[in-house]
>>> print(open('structure_34.txt').read())   # compact mmCIF, C-alpha atoms and all ligand atoms
# COMPACT_ATOMS: atom_id res chain seq x y z
CA MET W 899 -8.78 21.37 11.06
CA ALA W 900 -10.53 18.18 10.14
CA ASN W 901 -12.41 15.15 11.31
CA VAL W 902 -11.26 11.79 9.86
CA LEU W 903 -12.61 8.27 9.98
CA ILE W 904 -9.97 5.56 9.62
CA ILE W 905 -11.38 2.13 8.67
CA GLY W 906 -9.23 -0.95 9.40
CA ALA W 907 -7.37 -1.58 12.65
CA GLY W 908 -4.63 -3.84 11.28
CA GLY W 909 -0.90 -3.23 10.92
CA VAL W 910 -1.37 -0.22 8.63
CA GLY W 911 -4.35 1.19 10.57
CA GLN W 912 -2.22 1.30 13.70
CA VAL W 913 0.41 3.43 11.95
CA VAL W 914 -2.17 5.73 10.35
CA ALA W 915 -3.80 6.32 13.75
CA HIS W 916 -0.42 7.13 15.32
CA LYS W 917 0.67 9.44 12.50
CA CYS W 918 -2.65 11.33 12.32
CA ALA W 919 -2.55 11.74 16.10
CA GLN W 920 0.92 13.32 15.72
CA VAL W 921 -0.53 16.06 13.48
CA PRO W 922 -3.38 17.60 15.50
CA GLU W 923 -3.20 20.84 13.52
CA VAL W 924 -4.69 18.90 10.56
CA PHE W 925 -6.41 15.88 12.16
CA GLU W 926 -8.40 17.45 14.96
CA ASN W 927 -10.82 14.54 15.49
CA ILE W 928 -9.97 10.94 14.72
CA THR W 929 -12.24 7.88 14.78
CA LEU W 930 -10.80 4.42 14.20
CA ALA W 931 -13.33 1.76 13.16
CA SER W 932 -12.89 -1.89 12.23
CA ARG W 933 -14.70 -5.22 12.25
CA THR W 934 -13.29 -5.95 15.70
CA LYS W 935 -13.68 -2.96 18.02
CA SER W 936 -11.27 -4.35 20.63
CA LYS W 937 -8.44 -3.94 18.08
CA CYS W 938 -9.34 -0.25 17.70
CA ASP W 939 -9.44 0.18 21.47
CA LYS W 940 -6.02 -1.44 21.83
CA ILE W 941 -4.55 1.00 19.31
CA ALA W 942 -6.37 3.97 20.90
CA ALA W 943 -4.81 3.08 24.25
CA MET W 944 -1.28 3.42 22.75
CA LEU W 945 -1.83 6.98 21.55
CA PRO W 946 -0.89 10.17 23.36
CA ARG W 947 -4.27 11.76 22.45
CA LYS W 948 -7.84 10.62 22.78
CA ILE W 949 -9.45 9.19 19.65
CA ASP W 950 -12.87 7.57 19.19
CA THR W 951 -13.37 3.95 18.19
CA ALA W 952 -16.24 2.06 16.58
CA GLU W 953 -17.21 -1.32 15.18
CA VAL W 954 -18.19 -1.59 11.54
CA ASP W 955 -18.52 -4.27 8.90
CA ALA W 956 -17.16 -2.42 5.90
CA ASP W 957 -18.76 -4.94 3.53
CA ASN W 958 -22.14 -3.65 4.66
CA VAL W 959 -22.90 -0.30 2.98
CA PRO W 960 -25.92 0.68 5.14
CA GLU W 961 -23.85 -0.01 8.28
CA LEU W 962 -21.03 2.15 6.90
CA VAL W 963 -23.46 4.93 6.01
CA LYS W 964 -24.85 4.89 9.54
CA LEU W 965 -21.38 5.18 11.04
CA ILE W 966 -20.33 7.96 8.65
CA GLU W 967 -23.53 9.89 9.41
CA LYS W 968 -22.80 9.58 13.12
CA VAL W 969 -19.09 10.50 12.96
CA LYS W 970 -19.54 13.16 10.22
CA PRO W 971 -15.93 12.94 8.99
CA ASP W 972 -14.49 15.14 6.25
CA MET W 973 -12.93 12.04 4.76
CA VAL W 974 -12.53 8.28 5.17
CA ILE W 975 -9.05 6.73 5.18
CA ASN W 976 -9.63 3.14 4.07
CA VAL W 977 -6.93 0.80 5.39
CA ALA W 978 -9.14 -2.29 5.64
CA LEU W 979 -8.62 -4.87 2.88
CA PRO W 980 -8.89 -4.31 -0.88
CA TYR W 981 -12.16 -6.28 -0.89
CA GLN W 982 -13.87 -3.40 0.95
CA ASP W 983 -12.83 -0.58 -1.42
CA LEU W 984 -16.00 -0.39 -3.51
CA HIS W 985 -18.32 -0.67 -0.51
CA ILE W 986 -16.54 2.17 1.26
CA MET W 987 -16.53 4.28 -1.93
CA ASP W 988 -20.30 3.71 -2.25
CA ALA W 989 -20.84 4.78 1.36
CA CYS W 990 -18.69 7.90 0.82
CA LEU W 991 -20.77 8.86 -2.22
CA GLU W 992 -23.99 8.34 -0.31
CA THR W 993 -22.84 10.52 2.59
CA GLY W 994 -20.84 13.15 0.66
CA VAL W 995 -17.43 12.36 2.16
CA HIS W 996 -13.96 12.24 0.52
CA TYR W 997 -12.14 8.89 0.20
CA LEU W 998 -8.55 7.56 0.29
CA ASP W 999 -7.13 4.03 0.15
CA THR W 1000 -3.78 2.26 -0.18
CA ALA W 1001 -4.58 -0.72 -2.42
CA ASN W 1002 -6.85 -1.19 -5.41
CA TYR W 1003 -10.03 -3.25 -5.40
CA GLU W 1004 -9.71 -7.00 -5.63
CA PRO W 1005 -12.73 -9.30 -5.91
CA PRO W 1006 -12.50 -11.84 -3.04
CA GLU W 1007 -13.29 -14.80 -5.30
CA GLU W 1008 -10.62 -14.05 -7.90
CA ALA W 1009 -6.93 -13.21 -7.30
CA LYS W 1010 -7.01 -10.28 -9.68
CA PHE W 1011 -6.45 -6.63 -8.96
CA GLU W 1012 -7.19 -3.94 -11.49
CA TYR W 1013 -8.09 -0.26 -11.38
CA LYS W 1014 -11.04 -0.60 -13.79
CA TRP W 1015 -13.58 -1.05 -10.99
CA GLN W 1016 -12.47 2.07 -9.13
CA TRP W 1017 -11.76 4.19 -12.22
CA ALA W 1018 -15.40 3.53 -13.15
CA TYR W 1019 -16.34 5.80 -10.19
CA GLN W 1020 -14.69 8.84 -11.83
CA ASP W 1021 -17.94 10.48 -12.99
CA LYS W 1022 -19.82 9.78 -9.79
CA PHE W 1023 -17.13 11.36 -7.60
CA GLU W 1024 -16.66 14.27 -9.95
CA LYS W 1025 -20.38 15.03 -10.14
CA ALA W 1026 -20.67 14.78 -6.35
CA GLY W 1027 -17.76 17.24 -5.94
CA LEU W 1028 -15.86 14.58 -3.98
CA MET W 1029 -12.31 13.31 -4.25
CA ALA W 1030 -11.14 9.69 -4.13
CA LEU W 1031 -7.37 9.26 -3.85
CA LEU W 1032 -6.26 5.75 -4.82
CA GLY W 1033 -3.16 3.93 -3.63
CA SER W 1034 -1.70 6.30 -1.04
CA GLY W 1035 0.70 3.77 0.49
CA PHE W 1036 4.35 3.19 -0.43
CA ASP W 1037 3.99 0.98 -3.48
CA PRO W 1038 1.63 2.13 -4.89
CA GLY W 1039 1.84 5.60 -3.47
CA VAL W 1040 5.31 6.94 -2.83
CA THR W 1041 6.66 5.05 -5.86
CA SER W 1042 3.98 6.75 -7.98
CA VAL W 1043 4.92 10.17 -6.58
CA PHE W 1044 8.65 9.40 -7.11
CA THR W 1045 7.84 8.84 -10.81
CA ALA W 1046 5.89 12.10 -11.08
CA TYR W 1047 8.68 13.97 -9.27
CA ALA W 1048 11.34 12.54 -11.60
CA LYS W 1049 9.32 13.58 -14.63
CA LYS W 1050 8.62 17.07 -13.25
CA HIS W 1051 12.20 17.88 -12.23
CA HIS W 1052 14.66 15.60 -14.01
CA PHE W 1053 13.38 14.24 -17.33
CA ASP W 1054 11.79 15.43 -20.56
CA ARG W 1055 10.99 11.83 -21.32
CA ILE W 1056 11.01 8.68 -19.20
CA LYS W 1057 12.02 5.56 -21.11
CA THR W 1058 12.22 2.84 -18.48
CA LEU W 1059 11.02 2.51 -14.91
CA ASP W 1060 12.05 -0.19 -12.43
CA ILE W 1061 10.47 -0.10 -8.98
CA ILE W 1062 12.53 -2.14 -6.54
CA ASP W 1063 11.16 -3.09 -3.13
CA CYS W 1064 13.64 -4.57 -0.67
CA ASN W 1065 12.81 -5.80 2.79
CA ALA W 1066 16.13 -6.73 4.36
CA GLY W 1067 14.50 -7.18 7.76
CA ASP W 1068 14.75 -10.44 9.68
CA HIS W 1069 12.10 -11.53 12.22
CA GLY W 1070 13.87 -14.77 13.11
CA LEU W 1071 10.74 -16.91 12.42
CA PRO W 1072 10.79 -19.72 9.84
CA PHE W 1073 7.89 -18.29 7.81
CA ALA W 1074 5.71 -15.21 8.18
CA THR W 1075 4.40 -12.46 5.92
CA ASN W 1076 4.97 -8.79 6.69
CA PHE W 1077 1.47 -7.71 5.83
CA ASN W 1078 -1.88 -9.43 5.49
CA PRO W 1079 -0.83 -13.01 4.52
CA GLU W 1080 -3.79 -13.56 2.23
CA ILE W 1081 -3.14 -10.42 0.18
CA ASN W 1082 0.63 -11.01 0.26
CA ILE W 1083 0.48 -14.64 -0.90
CA ARG W 1084 -2.12 -13.92 -3.58
CA GLU W 1085 0.22 -11.25 -4.96
CA ILE W 1086 3.33 -13.43 -4.96
CA THR W 1087 1.84 -16.62 -6.34
CA ALA W 1088 0.26 -14.81 -9.28
CA ASN W 1089 1.99 -14.57 -12.67
CA GLY W 1090 4.50 -11.75 -13.11
CA ARG W 1091 3.63 -9.02 -15.60
CA TYR W 1092 5.38 -5.95 -16.94
CA TRP W 1093 4.73 -3.24 -19.47
CA GLU W 1094 6.81 -3.15 -22.65
CA ASN W 1095 6.28 -1.22 -25.87
CA GLY W 1096 2.57 -0.68 -25.34
CA GLU W 1097 1.64 -4.13 -24.12
CA TRP W 1098 1.74 -6.42 -21.11
CA VAL W 1099 4.28 -9.22 -21.03
CA THR W 1100 3.41 -12.12 -18.71
CA THR W 1101 6.00 -14.20 -16.86
CA LYS W 1102 5.59 -17.22 -14.61
CA PRO W 1103 5.66 -16.53 -10.84
CA MET W 1104 9.27 -15.81 -9.78
CA GLU W 1105 10.57 -16.54 -13.29
CA GLU W 1106 12.58 -13.32 -13.69
CA LYS W 1107 15.34 -12.88 -11.14
CA ARG W 1108 18.19 -10.37 -10.77
CA VAL W 1109 20.73 -9.51 -8.10
CA PHE W 1110 20.69 -5.89 -6.93
CA ASP W 1111 23.24 -4.14 -4.74
CA PHE W 1112 21.21 -2.00 -2.30
CA PRO W 1113 22.52 1.13 -0.60
CA ALA W 1114 22.80 1.88 3.16
CA GLY W 1115 24.86 -1.22 3.90
CA ILE W 1116 22.09 -3.63 2.81
CA GLY W 1117 24.23 -5.02 -0.01
CA GLU W 1118 23.36 -7.61 -2.66
CA LYS W 1119 19.95 -9.31 -2.62
CA ASP W 1120 17.96 -11.48 -5.03
CA ILE W 1121 15.03 -9.62 -6.53
CA TYR W 1122 12.10 -11.14 -8.47
CA LEU W 1123 9.76 -9.62 -11.00
CA LEU W 1124 6.14 -9.33 -9.83
CA TYR W 1125 3.07 -7.61 -11.16
CA HIS W 1126 2.15 -4.65 -9.01
CA GLU W 1127 -0.84 -2.37 -9.35
CA GLU W 1128 0.99 0.92 -9.88
CA LEU W 1129 2.34 -0.41 -13.21
CA GLU W 1130 -1.21 -0.18 -14.59
CA SER W 1131 -1.77 3.45 -13.63
CA LEU W 1132 1.79 4.63 -14.35
CA SER W 1133 1.79 3.13 -17.86
CA LYS W 1134 -1.54 4.86 -18.48
CA HIS W 1135 -0.56 8.24 -17.08
CA PHE W 1136 2.97 8.26 -18.58
CA PRO W 1137 2.33 6.66 -21.99
CA GLU W 1138 5.90 7.57 -23.05
CA ILE W 1139 7.28 4.81 -20.76
CA GLU W 1140 8.68 2.04 -22.95
CA ARG W 1141 9.16 -0.49 -20.16
CA ALA W 1142 7.88 -0.53 -16.56
CA ARG W 1143 8.68 -3.36 -14.14
CA PHE W 1144 8.33 -4.08 -10.43
CA TRP W 1145 10.78 -6.16 -8.38
CA MET W 1146 10.76 -7.47 -4.82
CA THR W 1147 13.36 -9.21 -2.66
CA PHE W 1148 12.66 -12.70 -1.30
CA GLY W 1149 14.97 -14.94 0.69
CA ALA W 1150 15.54 -18.57 -0.33
CA SER W 1151 13.86 -19.95 2.82
CA TYR W 1152 10.72 -17.84 2.29
CA LEU W 1153 10.43 -19.07 -1.29
CA LYS W 1154 10.96 -22.71 -0.26
CA HIS W 1155 8.16 -22.50 2.34
CA LEU W 1156 5.87 -20.87 -0.17
CA GLU W 1157 6.62 -23.52 -2.78
CA VAL W 1158 5.72 -26.32 -0.38
CA LEU W 1159 2.53 -24.56 0.77
CA GLN W 1160 1.56 -24.04 -2.86
CA ASN W 1161 2.33 -27.65 -3.80
CA VAL W 1162 0.07 -28.98 -1.05
CA GLY W 1163 -2.74 -26.59 -1.96
CA MET W 1164 -2.58 -24.38 1.12
CA THR W 1165 -2.43 -21.14 -0.87
CA SER W 1166 -5.58 -21.89 -2.87
CA ILE W 1167 -8.52 -19.45 -2.75
CA GLU W 1168 -10.97 -22.20 -3.86
CA PRO W 1169 -13.24 -23.23 -0.94
CA ILE W 1170 -13.05 -26.90 0.10
CA GLU W 1171 -15.33 -29.01 2.29
CA PHE W 1172 -13.63 -30.04 5.55
CA GLN W 1173 -15.42 -31.97 8.32
CA GLY W 1174 -18.79 -30.61 7.31
CA GLN W 1175 -17.53 -27.04 6.96
CA GLU W 1176 -16.48 -25.02 3.95
CA ILE W 1177 -13.03 -23.50 4.35
CA VAL W 1178 -10.77 -21.49 2.06
CA PRO W 1179 -7.24 -22.93 2.37
CA ILE W 1180 -5.44 -19.57 2.20
CA GLN W 1181 -7.73 -18.16 4.91
CA PHE W 1182 -6.98 -21.17 7.10
CA LEU W 1183 -3.27 -20.65 6.46
CA LYS W 1184 -3.67 -17.01 7.50
CA ALA W 1185 -5.12 -18.18 10.83
CA LEU W 1186 -2.02 -20.36 11.40
CA LEU W 1187 0.61 -17.78 10.45
CA PRO W 1188 1.91 -15.12 12.84
CA ASP W 1189 -0.14 -11.94 12.88
CA PRO W 1190 1.98 -9.41 10.93
CA ALA W 1191 1.49 -6.95 13.84
CA SER W 1192 3.28 -9.42 16.14
CA LEU W 1193 6.45 -9.19 14.00
CA GLY W 1194 7.06 -5.60 15.07
CA PRO W 1195 9.14 -6.23 18.17
CA LEU W 1196 11.00 -9.12 16.46
CA THR W 1197 12.10 -7.55 13.20
CA LYS W 1198 15.58 -6.10 12.78
CA GLY W 1199 17.11 -4.56 9.68
CA LYS W 1200 16.16 -2.11 6.95
CA THR W 1201 13.85 -1.66 4.01
CA CYS W 1202 14.80 0.13 0.80
CA ILE W 1203 12.07 0.94 -1.71
CA GLY W 1204 12.74 3.11 -4.72
CA ASN W 1205 12.60 3.74 -8.43
CA ILE W 1206 15.31 3.52 -11.06
CA ILE W 1207 14.34 5.71 -13.97
CA ARG W 1208 16.15 5.96 -17.28
CA GLY W 1209 15.27 8.75 -19.64
CA THR W 1210 16.42 11.87 -21.39
CA LYS W 1211 16.83 15.49 -20.37
CA ASP W 1212 17.86 18.07 -23.00
CA GLY W 1213 18.78 15.22 -25.32
CA GLU W 1214 21.10 13.59 -22.82
CA GLU W 1215 20.43 10.10 -21.39
CA LYS W 1216 20.36 9.89 -17.57
CA ILE W 1217 19.70 7.19 -14.97
CA TYR W 1218 18.10 8.37 -11.75
CA TYR W 1219 17.60 6.40 -8.52
CA VAL W 1220 15.30 7.75 -5.79
CA TYR W 1221 14.61 5.69 -2.66
CA ASN W 1222 13.74 5.62 1.01
CA ILE W 1223 15.55 3.64 3.67
CA SER W 1224 13.55 2.72 6.77
CA ASP W 1225 14.71 0.83 9.82
CA HIS W 1226 12.35 -1.73 11.37
CA GLN W 1227 13.46 -1.06 14.94
CA GLU W 1228 13.25 2.73 14.57
CA CYS W 1229 9.69 2.37 13.25
CA TYR W 1230 8.81 0.11 16.15
CA LYS W 1231 10.19 2.61 18.64
CA GLU W 1232 7.97 5.33 17.20
CA VAL W 1233 4.64 3.58 16.49
CA GLN W 1234 5.04 -0.04 17.72
CA SER W 1235 4.93 -1.40 14.15
CA GLN W 1236 7.52 -2.79 11.78
CA ALA W 1237 8.65 -0.90 8.70
CA ILE W 1238 6.26 -2.52 6.19
CA SER W 1239 3.21 -1.14 7.98
CA TYR W 1240 5.07 2.09 8.72
CA THR W 1241 6.04 2.76 5.11
CA THR W 1242 2.37 2.26 4.11
CA GLY W 1243 0.74 4.16 6.97
CA VAL W 1244 2.85 7.32 6.75
CA PRO W 1245 1.95 8.02 3.07
CA ALA W 1246 -1.72 7.35 3.86
CA MET W 1247 -1.57 10.08 6.50
CA ILE W 1248 0.31 12.43 4.16
CA GLY W 1249 -2.14 11.79 1.28
CA ALA W 1250 -5.04 12.64 3.62
CA LYS W 1251 -3.17 15.74 4.79
CA MET W 1252 -2.61 16.86 1.17
CA MET W 1253 -6.36 16.56 0.54
CA LEU W 1254 -7.49 18.24 3.76
CA GLU W 1255 -5.03 21.13 3.33
CA GLY W 1256 -6.43 21.68 -0.16
CA LYS W 1257 -3.05 21.04 -1.83
CA TRP W 1258 -4.44 18.02 -3.65
CA MET W 1259 -8.17 18.46 -3.29
CA LYS W 1260 -10.07 18.09 -6.56
CA PRO W 1261 -13.25 16.21 -7.45
CA GLY W 1262 -12.87 12.86 -9.18
CA VAL W 1263 -10.91 9.63 -8.77
CA TRP W 1264 -7.14 10.13 -8.88
CA ASN W 1265 -3.97 8.10 -8.75
CA MET W 1266 -1.09 9.61 -6.84
CA GLU W 1267 1.08 10.39 -9.89
CA GLN W 1268 -1.62 12.68 -11.29
CA LEU W 1269 -1.12 15.23 -8.50
CA ASP W 1270 1.70 17.73 -7.82
CA PRO W 1271 4.52 15.64 -6.27
CA ASP W 1272 6.33 18.54 -4.55
CA PRO W 1273 4.30 19.06 -1.34
CA PHE W 1274 4.03 15.31 -0.82
CA MET W 1275 7.81 14.83 -1.30
CA GLU W 1276 8.41 17.61 1.23
CA ASP W 1277 6.15 15.93 3.78
CA LEU W 1278 7.86 12.55 3.32
CA ASN W 1279 11.01 14.18 4.69
CA LYS W 1280 9.08 15.77 7.56
CA TYR W 1281 7.01 12.82 8.72
CA GLY W 1282 9.38 9.87 8.82
CA LEU W 1283 10.13 8.71 5.27
CA PRO W 1284 13.14 10.76 4.11
CA TRP W 1285 14.20 10.04 0.55
CA GLN W 1286 17.51 10.18 -1.24
CA GLU W 1287 18.37 10.61 -4.89
CA THR W 1288 21.41 9.72 -6.90
CA TRP W 1289 22.50 9.30 -10.52
CA LEU W 1290 23.68 5.90 -11.71
CA ASP W 1291 26.29 5.37 -14.39
CA LYS W 1292 25.04 1.94 -15.51
CA PRO W 1293 21.46 1.08 -16.56
CA PHE W 1294 19.57 -1.60 -14.63
CA LYS W 1295 18.98 -4.39 -17.15
P1 LIG W 1301 -4.38 -6.29 8.19
O1 LIG W 1301 -4.95 -7.58 7.79
O2 LIG W 1301 -3.35 -6.21 9.26
O3 LIG W 1301 -5.56 -5.30 8.61
C1 LIG W 1301 -6.74 -5.17 7.90
C2 LIG W 1301 -7.79 -4.63 8.86
O4 LIG W 1301 -8.99 -4.47 8.14
C3 LIG W 1301 -8.07 -5.58 10.02
O5 LIG W 1301 -8.04 -4.89 11.22
C4 LIG W 1301 -9.48 -6.08 9.73
O6 LIG W 1301 -10.30 -6.20 10.85
C5 LIG W 1301 -10.05 -4.95 8.91
N1 LIG W 1301 -11.13 -5.47 8.10
C6 LIG W 1301 -11.10 -6.51 7.23
N2 LIG W 1301 -12.31 -6.70 6.71
C7 LIG W 1301 -13.12 -5.77 7.27
C8 LIG W 1301 -14.49 -5.48 7.14
N3 LIG W 1301 -15.29 -6.17 6.35
N4 LIG W 1301 -14.97 -4.46 7.88
C9 LIG W 1301 -14.20 -3.75 8.71
N5 LIG W 1301 -12.90 -3.98 8.87
C10 LIG W 1301 -12.36 -4.99 8.16
O7 LIG W 1301 -3.82 -5.60 6.85
P2 LIG W 1301 -2.73 -4.44 6.73
O8 LIG W 1301 -2.97 -3.44 7.79
O9 LIG W 1301 -1.41 -5.04 6.56
O10 LIG W 1301 -3.15 -3.80 5.31
C11 LIG W 1301 -4.18 -2.84 5.19
C12 LIG W 1301 -4.30 -2.41 3.74
O11 LIG W 1301 -3.09 -1.82 3.31
C13 LIG W 1301 -4.58 -3.55 2.77
O12 LIG W 1301 -5.53 -3.11 1.82
C14 LIG W 1301 -3.25 -3.79 2.10
O13 LIG W 1301 -3.40 -4.31 0.80
C15 LIG W 1301 -2.73 -2.36 2.05
N6 LIG W 1301 -1.27 -2.28 1.89
C16 LIG W 1301 -0.78 -1.37 0.99
C17 LIG W 1301 0.58 -1.24 0.80
C18 LIG W 1301 1.13 -0.18 -0.08
O14 LIG W 1301 2.33 0.09 -0.04
N7 LIG W 1301 0.34 0.51 -0.90
C19 LIG W 1301 1.54 -2.11 1.53
C20 LIG W 1301 0.94 -2.96 2.54
C21 LIG W 1301 -0.43 -3.05 2.67
P3 LIG W 1301 -10.29 -7.49 11.82
O15 LIG W 1301 -8.92 -7.54 12.35
O16 LIG W 1301 -11.30 -7.18 12.84
O17 LIG W 1301 -10.60 -8.66 10.96
>>> encode(input="structure_34.txt", output="structure tokens")
Amino acid sequence: MANVLIIGAGGVGQVVAHKCAQVPEVFENITLASRTKSKCDKIAAMLPRKIDTAEVDADNVPELVKLIEKVKPDMVINVALPYQDLHIMDACLETGVHYLDTANYEPPEEAKFEYKWQWAYQDKFEKAGLMALLGSGFDPGVTSVFTAYAKKHHFDRIKTLDIIDCNAGDHGLPFATNFNPEINIREITANGRYWENGEWVTTKPMEEKRVFDFPAGIGEKDIYLLYHEELESLSKHFPEIERARFWMTFGASYLKHLEVLQNVGMTSIEPIEFQGQEIVPIQFLKALLPDPASLGPLTKGKTCIGNIIRGTKDGEEKIYYVYNISDHQECYKEVQSQAISYTTGVPAMIGAKMMLEGKWMKPGVWNMEQLDPDPFMEDLNKYGLPWQETWLDKPFK
């Protein structure tokens, strides 16, 4: 039985707190800390069990160290923002505590996410006998485990990988983002990028579009090629992959709003001077947009996130599709959050559980696909993210 410290009391933090609280046989003591303690207290009040709460600025390593020394957790589950990753990793090293996150480090001043900064901690974690598990959300996270599972059980060789993320939910508002608006908009307005024949191919934002017919009654939706962080680690850890791409659904109205906001400069991360104050336009926009957590009670419909994998087994070519369907309203009923936070928070809890139960525990810095997919896949079915698999007769082009 373990003691965990969750950092970040946003949409995902709320789900992680709920899901850890549901598994007392693993998570005996839980502390939820964030920049704003009142947010932690609000979440704590929703839970059926008592948890502790604390205030911490996760950009301040000495403050983090002090909190970790007080709480004495076995591990930290970092669901603050990607900007805090390295600070929290430093504090974990200083205090001898294991680490997990759901998104790779991004420098605040540059819209660029890469694993190089966190992979550089490999030796330090290994020497300290500590584990850092990177990207234990849905994508990255479950999509990485889906790939490892496909390779372990269904393919001798993977040729192409397409990760397709569909949110068919509707919140009825003209424009809102389903998770942190700053992170979301930075991701979408960046160039697209995919892996092909050993190199990265860059596309303009939203340049590559397809129509995909989703299962579970969702039907046909427009999907757009984006760069997503798991492509970097999957192409490294499965060098046989000839082409790896990531796709996401966007509605026409969402894209129109985003285009206008971009055209007027509201999505910029460059600070500007306004009435004697320096402001960052995208941060100001975040303050205007609905808090993603407030979308929970409004959102109806399903999500479908999965991988289409083409490859060979015993010389025969096969096309495999593995996916999860989640329902926004069902998620809300269980943890008072919509499905985007739910599908991220559940894998964070399961990743922590894998580490604490010793199934995945090993010193060093690891991406999800480097670990045995089987116990994680089993727990997805048990803890709210059941998956389905099928064979397709036509390749996804
Ligand atoms: P939110 O913005 O809702 O929550 C982030 C939380 O982190 C807030 O409570 C915020 O506190 C806290 N925080 C921010 N800065 C600090 C700091 N310096 N010190 C302490 N706490 C801080 O984001 P989400 O919950 O939607 O996302 C959480 C993480 O999950 C992000 O890293 C995101 O990229 C990742 N994610 C991963 C996905 C995946 O599938 N892998 C999918 C979706 C998200 P406060 O409110 O007080 O400012």
>>> atom_distance(input="structure_34.txt", atom1="atom CA of Asn1076 of chain W", atom2="atom CA of Arg1143 of chain W")
21.8 Å
>>> closest_atom_pairs(input="structure_34.txt", of="chain W", to="ligand LIG 1301 (chain W)", cutoff="6 Å", atoms="only C-alpha atoms and all ligand atoms", output="tab-separated table")
residue	atom	partner	partner_atom	distance
W:Gly906	CA	W:LIG1301	O4	3.7
W:Ala907	CA	W:LIG1301	O5	3.7
W:Gly908	CA	W:LIG1301	O3	3.2
W:Gly909	CA	W:LIG1301	O8	3.8
W:Val910	CA	W:LIG1301	O8	3.7
W:Gly911	CA	W:LIG1301	O8	5.6
W:Ser932	CA	W:LIG1301	N5	4.0
W:Arg933	CA	W:LIG1301	C9	3.9
W:Thr934	CA	W:LIG1301	O16	3.7
W:Val954	CA	W:LIG1301	C9	5.3
W:Asp955	CA	W:LIG1301	N4	3.7
W:Ala956	CA	W:LIG1301	N4	3.6
W:Asp957	CA	W:LIG1301	N3	4.6
W:Val977	CA	W:LIG1301	C12	4.5
W:Ala978	CA	W:LIG1301	O4	3.3
W:Leu979	CA	W:LIG1301	O12	3.7
W:Pro980	CA	W:LIG1301	O12	4.5
W:Thr1000	CA	W:LIG1301	N7	4.5
W:Ala1001	CA	W:LIG1301	O12	5.0
W:Gly1033	CA	W:LIG1301	N7	5.6
W:Gly1035	CA	W:LIG1301	N7	3.6
W:Phe1036	CA	W:LIG1301	O14	3.7
W:Asp1037	CA	W:LIG1301	O14	3.9
W:Pro1038	CA	W:LIG1301	N7	4.5
W:Gly1039	CA	W:LIG1301	N7	5.9
W:Phe1077	CA	W:LIG1301	O9	4.0
W:Asn1078	CA	W:LIG1301	O1	4.3
W:Thr1242	CA	W:LIG1301	O14	4.7
>>> closest_residue(input="structure_34.txt", among="W:Arg1208, W:His1126, W:Lys1257, W:Lys1057", to="Trp1289 of chain W", atoms="all atoms listed in the file")
W:Arg1208
>>> residues_around(input="structure_34.txt", residues="segment 974-976 of chain W", least_positions_apart="4", cutoff="7 Å", atoms="only C-alpha atoms", output="ChimeraX atom specification")
/W:902-906,996-999
>>> closest_residue(input="structure_34.txt", among="W:Ala1018, W:Leu962, W:Ala1048, W:Val1244", to="Gly1262 of chain W", atoms="only C-alpha atoms")
W:Ala1018
>>> residues_around(input="structure_34.txt", residues="Ile1180 of chain W", least_positions_apart="5", cutoff="9 Å", atoms="all atoms listed in the file", output="list in words")
Pro1079, Glu1080, Ile1083, Arg1084, Gly1163, Met1164, Thr1165, Ser1166, Ile1167, Glu1168 and Ala1185 of chain W
>>> closest_residue(input="structure_34.txt", among="W:Glu1138, W:Asp1068, W:Asp1060, W:Asp988", to="Phe1110 of chain W", atoms="only C-alpha atoms")
W:Asp1060
>>> closest_residue(input="structure_34.txt", among="W:Gln982, W:Lys1231, W:Leu1031, W:Val1220", to="Gly1249 of chain W", atoms="all atoms listed in the file")
W:Leu1031
